[in-house]
Each structure stands twice: as C-alpha cells, then as structure tokens.
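start_13.txt, holding compact mmCIF, C-alpha atoms:
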# COMPACT_ATOMS: atom_id res chain seq x y z
CA MET M 14 0.00 0.00 0.00
CA LYS M 15 2.86 2.43 0.86
CA ILE M 16 4.52 1.65 -2.52
CA THR M 17 1.27 2.31 -4.38
CA TYR M 18 0.83 5.63 -2.56
CA PHE M 19 4.44 6.64 -3.35
CA LEU M 20 3.99 5.79 -7.03
CA LEU M 21 0.79 7.85 -7.17
CA VAL M 22 2.67 10.82 -5.74
CA LEU M 23 5.43 10.47 -8.34
CA VAL M 24 2.95 10.16 -11.21
CA PHE M 25 1.15 13.34 -10.29
CA LEU M 26 4.26 15.34 -9.52
CA PHE M 27 5.22 14.84 -13.17
CA SER M 28 1.72 15.46 -14.57
CA LEU M 29 1.02 18.94 -13.19
CA THR M 30 0.70 22.16 -15.19
CA PHE M 31 0.42 25.43 -13.27
CA ALA M 32 -1.37 28.55 -14.41
CA GLN M 33 -0.15 31.90 -13.15
CA SER M 34 -1.10 32.72 -9.57
CA SER M 35 -3.12 35.81 -8.69
CA MET M 36 -3.13 37.83 -5.48
CA VAL M 37 -5.90 40.17 -4.32
CA VAL M 38 -4.68 42.27 -1.37
CA TYR M 39 -7.02 43.75 1.24
CA LYS M 40 -6.57 46.53 3.78
CA ASN M 41 -7.77 44.13 6.48
CA ASN M 42 -4.27 42.56 6.57
CA PHE M 43 -4.80 39.56 4.35
CA ALA M 44 -4.66 38.52 0.70
CA VAL M 45 -6.48 35.91 -1.36
CA ILE M 46 -4.04 33.79 -3.39
CA SER M 47 -5.57 31.85 -6.29
CA PHE M 48 -4.39 29.75 -9.21
CA THR M 49 -5.63 27.04 -11.58
CA LYS M 50 -3.85 23.71 -11.48
CA GLU M 51 -4.23 21.22 -14.35
CA VAL M 52 -3.90 17.58 -13.30
CA SER M 53 -4.03 14.28 -15.21
CA LEU M 54 -6.37 11.82 -13.54
CA LYS M 55 -6.91 8.08 -13.94
CA LYS M 56 -10.36 6.56 -13.63
CA GLY M 57 -11.14 6.03 -9.95
CA VAL M 58 -9.65 7.68 -6.85
CA ASN M 59 -6.44 9.69 -7.32
CA PHE M 60 -4.08 11.54 -5.03
CA VAL M 61 -3.08 15.12 -5.96
CA SER M 62 -0.43 16.94 -3.92
CA LEU M 63 -0.93 20.51 -2.68
CA ASP M 64 2.69 21.60 -2.32
CA GLU M 65 1.77 25.14 -3.43
CA ILE M 66 -0.30 25.84 -0.30
CA PRO M 67 1.46 26.88 2.95
CA GLN M 68 1.24 24.12 5.52
CA ASN M 69 0.15 26.57 8.25
CA VAL M 70 -2.88 27.88 6.35
CA SER M 71 -6.05 27.75 8.44
CA PRO M 72 -8.36 24.79 7.63
CA ASP M 73 -11.25 27.21 7.07
CA SER M 74 -9.22 29.47 4.78
CA PHE M 75 -8.37 27.31 1.77
CA PHE M 76 -10.70 26.00 -0.91
CA ILE M 77 -10.51 23.74 -3.99
CA LEU M 78 -13.07 23.56 -6.80
CA PRO M 79 -12.91 21.07 -9.71
CA LEU M 80 -14.10 22.72 -12.93
CA LYS M 81 -15.03 19.56 -14.84
CA GLU M 82 -16.41 16.16 -13.77
CA ALA M 83 -14.05 14.99 -11.05
CA LYS M 84 -15.24 14.90 -7.43
CA ILE M 85 -13.13 15.61 -4.36
CA VAL M 86 -13.40 12.75 -1.86
CA GLU M 87 -11.17 14.13 0.91
CA ILE M 88 -8.94 17.13 1.56
CA LEU M 89 -5.96 16.13 3.69
CA TYR M 90 -4.98 18.63 6.40
CA PRO M 91 -2.41 20.09 6.80
CA PRO M 92 -2.96 20.69 3.06
CA LYS M 93 -0.56 18.11 1.67
CA GLY M 94 -3.00 16.85 -0.93
CA ILE M 95 -6.47 15.73 -1.90
CA MET M 96 -8.13 12.45 -2.81
CA ILE M 97 -10.16 13.04 -5.97
CA GLU M 98 -12.37 10.64 -7.90
CA SER M 99 -12.53 10.74 -11.71
CA PRO M 100 -15.18 9.02 -13.87
CA GLU M 101 -12.55 8.34 -16.55
CA ASP M 102 -8.98 9.02 -17.61
CA MET M 103 -9.00 12.79 -18.09
CA LYS M 104 -7.39 16.16 -17.44
CA GLU M 105 -9.05 18.20 -14.71
CA ASP M 106 -8.66 21.87 -13.81
CA LEU M 107 -8.64 22.66 -10.10
CA VAL M 108 -9.27 26.21 -8.93
CA ILE M 109 -7.29 26.56 -5.69
CA PHE M 110 -7.48 29.60 -3.46
CA TYR M 111 -6.60 30.43 0.13
CA ILE M 112 -6.43 33.37 2.52
CA GLN M 113 -2.92 34.44 3.45
CA PRO M 114 -2.72 36.70 6.55
CA SER M 115 -0.22 39.51 7.19
CA ILE M 116 -0.31 41.08 3.74
CA ASN M 117 -1.98 44.46 3.35
CA TRP M 118 -2.02 47.63 1.31
CA ALA M 119 -2.61 51.32 1.90
CA ALA M 120 -3.09 54.33 -0.34
CA GLN M 121 -0.65 57.19 0.10
CA HIS M 122 -1.93 60.51 -1.25
CA MET M 123 -0.05 63.77 -1.69
CA VAL M 124 -1.00 67.33 -2.63
CA PHE M 125 1.89 69.50 -3.83
CA ILE M 126 1.28 73.26 -4.01
CA ASP M 127 3.48 75.28 -6.34
CA GLY M 128 2.14 78.85 -6.33
CA GLU M 129 -1.21 78.74 -8.14
CA LYS M 130 -0.60 75.18 -9.37
CA VAL M 131 -1.69 72.10 -7.42
CA ARG M 132 -0.46 68.57 -8.12
CA PHE M 133 -2.24 65.45 -6.83
CA ASN M 134 -0.34 62.19 -6.43
CA THR M 135 -1.37 58.72 -5.18
CA ASN M 136 0.74 55.62 -4.57
CA ILE M 137 -0.29 52.13 -3.50
CA ASN M 138 1.95 50.58 -0.82
CA ILE M 139 1.81 46.77 -0.49
CA ARG M 140 3.34 45.35 2.70
CA ASN M 141 4.22 41.67 2.98
CA SER M 142 4.84 40.41 6.53
CA SER M 143 3.45 36.94 5.85
CA GLY M 144 6.72 35.06 6.12
CA MET M 145 6.39 34.00 2.46
CA SER M 146 7.57 35.38 -0.87
CA PHE M 147 5.52 35.34 -4.06
CA GLN M 148 7.11 35.26 -7.50
CA SER M 149 5.67 36.43 -10.85
CA ALA M 150 2.19 37.01 -9.45
CA LYS M 151 -0.67 38.99 -10.95
CA ILE M 152 -1.64 41.46 -8.22
CA SER M 153 -4.80 43.43 -7.54
CA VAL M 154 -5.84 45.52 -4.54
CA LEU M 155 -9.43 45.87 -3.37
CA ALA M 156 -10.84 49.14 -2.00
CA GLY M 157 -13.93 49.19 0.19
CA GLU M 158 -15.06 47.88 3.56
CA VAL M 159 -15.35 44.09 3.50
CA ASN M 160 -17.40 42.56 6.32
CA ILE M 161 -15.34 40.12 8.42
CA GLU M 162 -16.99 38.24 11.28
CA ASN M 163 -13.82 36.84 12.87
CA GLY M 164 -10.41 38.43 12.93
CA LEU M 165 -7.73 36.83 10.80
CA PRO M 166 -4.51 35.63 12.47
CA ARG M 167 -1.65 38.11 12.56
CA MET M 168 2.07 37.54 12.35
CA GLU M 169 4.93 39.57 13.74
CA LYS M 170 5.94 42.61 11.74
CA ALA M 171 8.89 41.91 9.44
CA VAL M 172 11.88 44.08 8.66
CA VAL M 173 10.92 46.40 5.82
CA ALA M 174 12.72 46.71 2.51
CA GLU M 175 11.54 49.10 -0.17
CA GLN M 176 11.15 48.92 -3.93
CA ALA M 177 9.87 51.62 -6.26
CA PHE M 178 8.13 51.14 -9.59
CA SER M 179 6.79 53.63 -12.14
CA LEU M 180 3.78 52.06 -13.83
CA ALA M 181 0.50 53.36 -15.19
CA ILE M 182 -2.49 51.59 -13.70
CA PRO M 183 -5.77 51.19 -15.58
CA ALA M 184 -8.94 52.61 -14.09
CA PRO M 185 -10.35 50.37 -11.33
CA GLU M 186 -13.18 47.95 -11.98
CA SER M 187 -16.36 47.54 -9.93
CA VAL M 188 -16.67 44.18 -8.15
CA GLU M 189 -19.85 43.50 -6.13
CA GLY M 190 -19.94 46.91 -4.48
CA TYR M 191 -16.17 47.41 -4.22
CA LYS M 192 -13.41 48.77 -6.45
CA ILE M 193 -10.50 46.61 -7.60
CA TYR M 194 -7.23 48.02 -8.97
CA ASN M 195 -5.38 45.58 -11.25
CA LEU M 196 -1.65 46.17 -11.35
CA PRO M 197 -0.21 45.58 -14.82
CA GLY M 198 2.53 43.03 -15.36
CA GLU M 199 3.92 40.43 -12.98
CA TRP M 200 5.21 41.17 -9.51
CA ASN M 201 7.69 39.64 -7.10
CA ILE M 202 6.49 40.34 -3.58
CA SER M 203 9.30 39.41 -1.21
CA GLN M 204 8.84 38.63 2.46
CA GLY M 205 9.43 41.73 4.59
CA SER M 206 9.16 44.15 1.67
CA ILE M 207 7.08 47.19 0.80
CA THR M 208 6.24 47.50 -2.88
CA ILE M 209 5.32 51.04 -3.95
CA VAL M 210 3.19 51.34 -7.09
CA PRO M 211 2.23 54.75 -8.54
CA LEU M 212 -1.52 55.01 -9.13
CA LEU M 213 -2.10 58.64 -10.13
CA ASP M 214 -0.09 61.79 -10.84
CA ALA M 215 -2.04 64.78 -12.15
CA TRP M 216 -2.12 68.56 -12.15
CA VAL M 217 -5.41 69.71 -10.67
CA LYS M 218 -7.05 72.54 -12.60
CA ASN M 219 -9.31 73.80 -9.82
CA ALA M 220 -8.41 73.43 -6.16
CA GLU M 221 -10.44 75.55 -3.74
CA LYS M 222 -8.77 76.82 -0.57
CA LYS M 223 -11.10 77.77 2.28
CA TYR M 224 -10.63 79.47 5.64
CA ILE M 225 -13.17 78.23 8.19
CA TYR M 226 -13.81 79.43 11.74
CA GLU M 227 -16.08 77.16 13.79
CA VAL M 228 -17.48 78.60 17.00
CA ASP M 229 -17.59 75.28 18.89
CA SER M 230 -14.18 74.01 17.76
CA GLY M 231 -12.39 75.12 20.93
CA SER M 232 -9.74 76.91 18.85
CA LYS M 233 -9.37 80.61 18.20
CA ASN M 234 -7.64 80.00 14.86
CA ALA M 235 -9.43 79.46 11.57
CA ILE M 236 -8.62 76.19 9.82
CA ILE M 237 -7.39 75.87 6.24
CA LYS M 238 -9.31 73.38 4.13
CA TRP M 239 -8.69 72.25 0.54
CA ILE M 240 -11.56 71.07 -1.66
CA ILE M 241 -10.72 69.27 -4.92
CA ALA M 242 -13.31 67.87 -7.32
CA ASN M 243 -12.53 64.29 -8.38
CA THR M 244 -13.58 64.79 -12.00
CA ASN M 245 -12.07 64.29 -15.45
CA GLU M 246 -12.42 68.00 -16.12
CA ASN M 247 -10.32 68.71 -13.04
CA GLY M 248 -7.52 66.33 -14.05
CA LEU M 249 -8.62 63.40 -11.86
CA GLY M 250 -11.80 61.37 -12.36
CA ILE M 251 -11.02 57.89 -10.98
CA PRO M 252 -12.22 56.30 -7.70
CA LEU M 253 -9.68 57.17 -5.00
CA PRO M 254 -9.14 54.74 -2.09
CA GLN M 255 -9.18 55.76 1.56
CA GLY M 256 -5.79 56.80 2.90
CA LEU M 257 -3.61 59.43 4.49
CA LEU M 258 -3.04 62.57 2.41
CA LYS M 259 0.03 64.72 3.03
CA ILE M 260 0.27 68.33 1.85
CA PHE M 261 3.50 70.01 0.77
CA THR M 262 4.30 73.41 -0.69
CA LEU M 263 7.25 74.93 -2.52
CA ASN M 264 8.71 77.97 -0.76
CA GLY M 265 11.87 79.70 -1.94
CA GLY M 266 13.12 76.58 -3.65
CA LYS M 267 12.57 74.33 -0.62
CA VAL M 268 9.76 71.85 -0.02
CA VAL M 269 7.77 72.41 3.19
CA PHE M 270 5.36 69.92 4.79
CA ILE M 271 2.23 71.86 5.83
CA GLY M 272 -0.25 69.24 7.03
CA GLU M 273 -1.97 65.91 6.59
CA SER M 274 -5.47 64.54 6.77
CA ASN M 275 -7.21 61.20 6.25
CA ILE M 276 -9.60 60.92 3.35
CA SER M 277 -12.33 58.31 2.94
CA ASP M 278 -13.02 56.40 -0.27
CA ILE M 279 -13.82 59.06 -2.88
CA PRO M 280 -15.99 57.95 -5.83
CA GLU M 281 -15.60 59.59 -9.20
CA ASN M 282 -17.30 63.03 -9.43
CA GLU M 283 -17.30 63.52 -5.64
CA LYS M 284 -15.20 66.06 -3.72
CA ILE M 285 -11.97 65.51 -1.81
CA GLU M 286 -12.02 67.61 1.36
CA VAL M 287 -8.88 67.79 3.49
CA VAL M 288 -7.91 69.96 6.44
CA GLN M 289 -4.41 71.40 6.12
CA GLY M 290 -4.16 72.89 9.62
CA LYS M 291 -4.78 76.10 11.56
CA ASP M 292 -4.00 79.50 10.06
CA PHE M 293 -1.56 81.51 12.17
CA ASP M 294 -2.99 84.95 11.20
CA LEU M 295 -6.76 84.37 11.12
CA LEU M 296 -8.44 84.48 14.51
CA GLY M 297 -11.99 84.23 15.78
CA GLU M 298 -13.68 84.89 19.10
CA SER M 299 -17.27 84.28 20.12
CA LYS M 300 -19.06 85.67 23.14
CA ILE M 301 -22.61 85.97 24.52
CA LEU M 302 -23.78 89.59 24.84
CA ASP M 303 -27.18 88.86 26.32
CA ARG M 304 -29.24 85.84 27.46
CA LYS M 305 -32.91 85.74 28.49
CA VAL M 306 -34.97 82.75 29.59
CA GLU M 307 -38.76 82.68 29.57
CA LYS M 308 -41.38 79.97 30.03
CA ILE M 309 -44.46 79.87 27.82
CA LYS M 310 -47.00 77.17 28.67
CA ASP M 311 -45.05 73.88 28.89
CA TYR M 312 -41.95 75.10 27.04
CA THR M 313 -38.83 77.05 28.00
CA TYR M 314 -37.43 79.53 25.47
CA GLU M 315 -33.94 81.01 25.58
CA THR M 316 -33.14 84.19 23.65
CA ILE M 317 -29.44 84.77 23.05
CA THR M 318 -27.55 87.64 21.49
CA ALA M 319 -24.08 86.55 20.36
CA GLN M 320 -21.12 88.28 18.74
CA ILE M 321 -18.30 86.82 16.66
CA THR M 322 -15.15 88.87 16.14
CA LEU M 323 -12.90 87.92 13.22
CA THR M 324 -9.32 89.21 13.06
CA ASN M 325 -7.17 89.12 9.91
CA ARG M 326 -3.45 89.77 10.53
CA LYS M 327 -2.49 88.97 6.94
CA ASP M 328 -1.33 91.57 4.40
CA GLU M 329 -4.17 90.52 2.10
CA ASP M 330 -7.96 90.43 2.16
CA VAL M 331 -9.46 87.02 2.92
CA THR M 332 -12.89 85.42 2.93
CA ILE M 333 -13.72 83.41 6.05
CA GLU M 334 -16.53 80.88 6.38
CA VAL M 335 -18.02 81.05 9.89
CA LEU M 336 -19.99 78.11 11.32
CA ASP M 337 -22.08 78.17 14.49
CA ASN M 338 -23.88 75.11 15.80
CA ILE M 339 -27.12 75.99 17.58
CA TYR M 340 -28.64 72.83 19.00
CA GLY M 341 -32.39 72.57 19.38
CA ASP M 342 -35.41 74.09 17.65
CA PHE M 343 -34.13 77.62 16.98
CA GLN M 344 -35.12 80.74 15.07
CA ILE M 345 -32.81 83.59 14.04
CA LEU M 346 -34.34 86.89 15.15
CA SER M 347 -31.80 89.35 13.74
CA SER M 348 -28.29 89.47 12.24
CA THR M 349 -25.89 92.19 11.16
CA HIS M 350 -24.59 89.93 8.37
CA PRO M 351 -26.36 87.65 5.85
CA TYR M 352 -26.47 83.99 6.88
CA GLU M 353 -27.78 80.64 5.69
CA LYS M 354 -28.99 77.59 7.59
CA ILE M 355 -27.01 74.66 6.12
CA ASP M 356 -28.60 71.97 8.31
CA GLU M 357 -31.01 71.75 11.23
CA ASP M 358 -28.31 72.72 13.76
CA THR M 359 -25.88 74.94 11.86
CA ILE M 360 -25.81 78.45 10.42
CA ARG M 361 -23.09 79.80 8.16
CA PHE M 362 -21.76 83.30 7.50
CA ILE M 363 -19.48 84.11 4.56
CA VAL M 364 -17.43 87.13 5.56
CA LYS M 365 -14.79 89.13 3.70
CA VAL M 366 -12.25 90.54 6.17
CA SER M 367 -9.85 93.21 4.94
CA LYS M 368 -6.13 92.90 5.59
CA ASN M 369 -4.94 93.83 9.10
CA SER M 370 -8.46 94.45 10.36
CA THR M 371 -11.30 93.01 12.45
CA TYR M 372 -14.94 92.35 11.63
CA ASN M 373 -17.88 91.81 14.02
CA ILE M 374 -21.02 89.76 13.44
CA THR M 375 -23.86 90.23 15.92
CA TYR M 376 -26.96 88.06 15.82
CA SER M 377 -29.85 87.01 18.04
CA TYR M 378 -31.76 83.75 18.10
CA LYS M 379 -34.45 82.01 20.15
CA VAL M 380 -34.15 78.35 21.13
CA LYS M 381 -37.04 76.17 22.24
CA LYS M 382 -35.94 73.87 25.07

How would this structure read if it were set down as structure tokens?
Amino acid sequence: MKITYFLLVLVFLFSLTFAQSSMVVYKNNFAVISFTKEVSLKKGVNFVSLDEIPQNVSPDSFFILPLKEAKIVEILYPPKGIMIESPEDMKEDLVIFYIQPSINWAAQHMVFIDGEKVRFNTNINIRNSSGMSFQSAKISVLAGEVNIENGLPRMEKAVVAEQAFSLAIPAPESVEGYKIYNLPGEWNISQGSITIVPLLDAWVKNAEKKYIYEVDSGSKNAIIKWIIANTNENGLGIPLPQGLLKIFTLNGGKVVFIGESNISDIPENEKIEVVQGKDFDLLGESKILDRKVEKIKDYTYETITAQITLTNRKDEDVTIEVLDNIYGDFQILSSTHPYEKIDEDTIRFIVKVSKNSTYNITYSYKVKK
C-alpha cells in the first residue's frame, strides 16, 4: 500500500501544469491567493499533492473547486494533498485559493502646491509580513469595507525593505460593491518588503482653498481646508481609495510639509475635502452679549444675542466661512450679516475681512428647550 501511494505521488508530480497565480490584497491585513492547477487523472480515486499551499494555512481558509467532472473525496490537512475521484482518464482543472494573513495595502496621497498650481499624487503601498515570498504574481488591490466576522490571524511585523516602480495603472473595476485596482505586469512580492506602485499623478485645474472658523471648535484660529473635485475636467476622475493625504508646498526653492489629513473612499465626481491645519494669522472669538430665559406654557425659550469677532493679521484680504452650531429648535431673530442655515443645527456666515483688520457679526436667536 505504501509503494502504491508513493507511485501515485510520483505520477502526479510529473503530470502537473500550473497557471499563473493571482493575489488580491485587502486593507484588512490579508490577501487571497488563487491559481488554476491542471492535473491528469486516472479513472477512480487519485491523489493530488498541494505543495503550493502553505502548511500553516487555516483549515477554514483554503478551498478547492474542480471545474469539470471529477469529485473531491477528501482534503488532507495540513494541506498536503487531496483524494479526488474521476469518472474516466481525463485532465481536470482545479481552482485553488486560500487566505494568506499579514499582507496588506494602503493608499498614500499627496497634494503638492506650487504657487497657483496644485499637483495630486497617489501611490499604492503593499506590505508583505506573511513570512512567504511570491514570484511572478498577478496582483490586484481591493478598496472598500469588506465585512469580516472573525479576525484573521496576525504575524509579527517583518523588517521592511523598499522597492519603487513607475507604472501606469488602468482605471479600477467595480466588483460586487467594491473597487478593484489591477496592477499591470507580474510582480515579485518578497517577504518583509514594501512595494510602492504609482496610481495617479495629475495637475489639478481647480483646487479651492477655504478658511473656516467654527465657534464650537475650541480653537481661536481658523482652519485651512482644501476642496478638490474628483472629475475628469479637473484632471482626476477615478475612484480614489481611503488613505492618508500629506500636503506640501514649494517655498523659496525648498519643499515644506504643511499638514496631513485622512480621506475616505472618494468615488468619481465627488469632492476631496482635506484639512491642512490652523491658520496663524486668522483668529476668531465668540461671546454671549445677552441671554434671556422665559417659560411659555409647557416650554422654555432662551433668547441669546451673540457676537463673533474675526481678526485678519495677513497683508491681504481674505474670505472666512463662519460656522455656528445651535442645538435645538431655533429661530434667528436678527443678524448684522447675511447667513444661511445649512442643516437643522448649523448656520453659516461668509465674511470678507480686509487685511490687518477686524470684523464683528452680531446676531440674536431664540431656542425652544
């Protein structure tokens, strides 16, 4: 019996043809490795080795599907092989796929400001801490939030090596509610490495810079926010994956880092909104000038008169967007400056403040408690 088993192993080691393996990498710290394996089967029960699958793969994380008429009788675990029954002498194609933990990817975005010109850049960083290396693989990365009921096993972080590639990547495809980016060519993903793949590099035609002072922010400084339309007309126009965006500017021939902000997944034709930081020279202060409380029937009403003072210490005129959150059922009674109610709790003022000057907004409102 042992001799027969050994001969079966030898026969099938010499009768295998491998198709190219594919790797789909997820942000959840795992990848799905898949390939098609052609095997020659004799009529009856056959043994097929699974040397391509790591021996420490979880029993609930690897799968095998015959594409023709053969039937799997038993999968041996650890995954050394399968017993498969064939109705006749034939060639069978097996689709084999498994989940490999400790591989992930992240999007790295960058905005580069050069005077009036703005450049937008995105790279995909693939980290392999799985303890395995993968050669000549077709690689894709999937963007979106995949539901996972149980956490996947993690491995210790490996020492990082870095490679850089300059490749154009086709527009992502939609896959069952997610976006998948297919990297062109074949890739060698070594254990302990970071592979950096350029995704996008474009000059943005219209980037809007806003100064925003929010009354309830706890800060006296206005924030600087950039808004960029993700459209073809604006030089972009592809789905952008969630990731950290860093902002740099060119000043006197030197590059200066000026802030960073996380962005969520941005579909095509939506807006990228990122906070750069707090402006040194634009200040705001809010105070209550008067407060009255009265009770009418079963309700309490509070009438408040508030004042916002904006200070511009720049040598140029600026426009500041002022936001005040008024919680509850409220009504604006009077205001020295035009306003709009942008949601049920928030009013907005758009104020132009001259250079080296201050500007006051006074307004009254009644809140039903």

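Our summary of the geometry notes that atom CA of M:Ile301 is positioned 14.6 Å from atom CA of M:Ser347.
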
Task: Atomic separation - atom CA of M:Glu273 relative to atom CA of M:Ile260, Å - done: 5.8 Å

Open item on the list: I want to know what sits within 6 Å of stretch 276-286 of chain M, based on only C-alpha atoms, with residues of the same chain fewer than 3 positions away left out; could you give that as a ChimeraX atom specification?
Closed with: /M:239-244,250-256

- [ ] Give the answer as one residue: which of M:Ile77, M:Asn42, M:Val210, M:Val306 has the shortest atom-to-atom distance to M:Ile161, using only C-alpha atoms?
- [x] M:Asn42

Could you give me, as a JSON list (two decimals) with C-alpha atoms, in the coordinates of the input, the residues that have an atom at most 8 Å away from the point (7.1, 33.7, -11.8) in the coordinates of the file, using all atoms listed in the file?
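So the final result, stored in out_17.json, reads:
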[["chain", "number", "residue", "atom", "x", "y", "z"],
["M", 33, "GLN", "CA", -0.15, 31.90, -13.15],
["M", 148, "GLN", "CA", 7.11, 35.26, -7.50],
["M", 149, "SER", "CA", 5.67, 36.43, -10.85],
["M", 150, "ALA", "CA", 2.19, 37.01, -9.45],
["M", 199, "GLU", "CA", 3.92, 40.43, -12.98],
["M", 201, "ASN", "CA", 7.69, 39.64, -7.10]]

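Comparing the minimum interatomic distances between M:Ala235 and each of M:Ser153, M:Gln204, M:Thr324, M:Asn134, counting all atoms listed in the file, we find that M:Thr324 sits nearest.
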
Task: Which residue of M:Leu89, M:Val366, M:Leu257, M:Met123 approaches M:Lys327 most closely, using only C-alpha atoms - done: M:Val366

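When all atoms listed in the file are used to compute distances to M:Pro211, the closest of the residues M:Asn136, M:Asn245, M:Ser187, M:Ser232 turns out to be M:Asn136.
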
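Closest approach to M:Asn338 among M:Lys381, M:Lys354, M:Lys365, M:Lys233 is made by M:Lys354 (distances from all atoms listed in the file).
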
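Around the point (-7.8, 84.9, 8.5), within 9 Å and counting only C-alpha atoms, we find these residues: Tyr224, Ile225, Tyr226, Asn234, Ala235, Ile236, Asp292, Phe293, Asp294, Leu295, Leu296, Gly297, Leu323, Thr324, Asn325, Arg326, Lys327, Asp330, Val331, Thr332, Ile333, Val366 and Lys368 of chain M.
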
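Reported to one decimal place, the separation of atom CA of M:Met36 from atom CA of M:Ile152 is 4.8 Å.
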
TODO: Identify, on the basis of all atoms listed in the file, every residue whose closest approach to M:Ser143 does not exceed 6 Å; exclude the query and any residue fewer than 2 positions from it along the same chain; express the result as a PyMOL selection string.
DONE: chain M and resi 115-116+141+145

Using C-alpha atoms, can you export the residues from the last selection as a compact mmCIF listing (two decimals), in the frame of the given file?
# COMPACT_ATOMS: atom_id res chain seq x y z
CA SER M 115 -0.22 39.51 7.19
CA ILE M 116 -0.31 41.08 3.74
CA ASN M 141 4.22 41.67 2.98
CA MET M 145 6.39 34.00 2.46

TODO: Would you mind listing what lies within 7 Å of M:Gly57 as an MDAnalysis selection string, with all atoms listed in the file counted and same-chain residues fewer than 3 positions away left out?
DONE: chainID M and resid 98:100

- [ ] Give me the residues within 7 Å of M:Glu227 as a VMD selection string, counting all atoms listed in the file and dropping any in the same chain fewer than 4 places off.
- [x] chain M and resid 335 to 337

How would the residues just chosen look if you wrote them out with C-alpha atoms as a CSV table (one decimal), in the coordinates of the input?
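Listing of result17.csv after writing:
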chain,number,residue,atom,x,y,z
M,335,VAL,CA,-18.0,81.0,9.9
M,336,LEU,CA,-20.0,78.1,11.3
M,337,ASP,CA,-22.1,78.2,14.5

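Using only C-alpha atoms, the shortest contact distance between M:Val38 and any of M:Ser230, M:Val217, M:Ser146, M:Ile137 is found at M:Ile137.
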
TODO: Mind checking which residues fall within 12 Å of M:Ile339, counting only C-alpha atoms, ignoring those fewer than 5 positions away in the same chain, and posting them as an MDAnalysis selection string?
DONE: chainID M and resid 227:229 315:317 319 344:345 354:361 377:382

Export of prior selection with C-alpha atoms as a CSV table (one decimal), keeping the file's coordinate frame:
chain,number,residue,atom,x,y,z
M,227,GLU,CA,-16.1,77.2,13.8
M,228,VAL,CA,-17.5,78.6,17.0
M,229,ASP,CA,-17.6,75.3,18.9
M,315,GLU,CA,-33.9,81.0,25.6
M,316,THR,CA,-33.1,84.2,23.6
M,317,ILE,CA,-29.4,84.8,23.0
M,319,ALA,CA,-24.1,86.6,20.4
M,344,GLN,CA,-35.1,80.7,15.1
M,345,ILE,CA,-32.8,83.6,14.0
M,354,LYS,CA,-29.0,77.6,7.6
M,355,ILE,CA,-27.0,74.7,6.1
M,356,ASP,CA,-28.6,72.0,8.3
M,357,GLU,CA,-31.0,71.8,11.2
M,358,ASP,CA,-28.3,72.7,13.8
M,359,THR,CA,-25.9,74.9,11.9
M,360,ILE,CA,-25.8,78.4,10.4
M,361,ARG,CA,-23.1,79.8,8.2
M,377,SER,CA,-29.8,87.0,18.0
M,378,TYR,CA,-31.8,83.8,18.1
M,379,LYS,CA,-34.4,82.0,20.2
M,380,VAL,CA,-34.2,78.4,21.1
M,381,LYS,CA,-37.0,76.2,22.2
M,382,LYS,CA,-35.9,73.9,25.1

Assuming the input is short of atoms at stretch 104-120 of chain M, produce N, CA and C atoms for that part as a tab-separated table (two decimals), in the coordinates of the input.
chain	number	residue	atom	x	y	z
M	104	LYS	N	-8.08	15.00	-18.04
M	104	LYS	CA	-7.39	16.16	-17.44
M	104	LYS	C	-8.44	17.00	-16.73
M	105	GLU	N	-8.14	17.39	-15.51
M	105	GLU	CA	-9.05	18.20	-14.71
M	105	GLU	C	-8.37	19.51	-14.32
M	106	ASP	N	-9.16	20.57	-14.28
M	106	ASP	CA	-8.66	21.87	-13.81
M	106	ASP	C	-9.19	22.11	-12.41
M	107	LEU	N	-8.27	22.36	-11.48
M	107	LEU	CA	-8.64	22.66	-10.10
M	107	LEU	C	-8.40	24.14	-9.82
M	108	VAL	N	-9.43	24.83	-9.39
M	108	VAL	CA	-9.27	26.21	-8.93
M	108	VAL	C	-8.95	26.14	-7.44
M	109	ILE	N	-7.77	26.62	-7.07
M	109	ILE	CA	-7.29	26.56	-5.69
M	109	ILE	C	-7.10	27.97	-5.17
M	110	PHE	N	-7.67	28.26	-4.02
M	110	PHE	CA	-7.48	29.60	-3.46
M	110	PHE	C	-7.48	29.52	-1.94
M	111	TYR	N	-6.71	30.43	-1.33
M	111	TYR	CA	-6.60	30.43	0.13
M	111	TYR	C	-6.34	31.85	0.61
M	112	ILE	N	-6.64	32.06	1.89
M	112	ILE	CA	-6.43	33.37	2.52
M	112	ILE	C	-5.09	33.36	3.23
M	113	GLN	N	-4.25	34.32	2.86
M	113	GLN	CA	-2.92	34.44	3.45
M	113	GLN	C	-2.89	35.68	4.35
M	114	PRO	N	-2.75	35.52	5.67
M	114	PRO	CA	-2.72	36.70	6.55
M	114	PRO	C	-1.41	37.46	6.45
M	115	SER	N	-1.41	38.66	7.05
M	115	SER	CA	-0.22	39.51	7.19
M	115	SER	C	0.30	40.05	5.86
M	116	ILE	N	-0.62	40.31	4.95
M	116	ILE	CA	-0.31	41.08	3.74
M	116	ILE	C	-1.38	42.17	3.67
M	117	ASN	N	-0.98	43.40	3.47
M	117	ASN	CA	-1.98	44.46	3.35
M	117	ASN	C	-1.49	45.55	2.40
M	118	TRP	N	-2.38	46.50	2.16
M	118	TRP	CA	-2.02	47.63	1.31
M	118	TRP	C	-2.64	48.90	1.87
M	119	ALA	N	-2.08	50.01	1.49
M	119	ALA	CA	-2.61	51.32	1.90
M	119	ALA	C	-2.36	52.31	0.76
M	120	ALA	N	-3.26	53.25	0.64
M	120	ALA	CA	-3.09	54.33	-0.34
M	120	ALA	C	-2.36	55.49	0.33
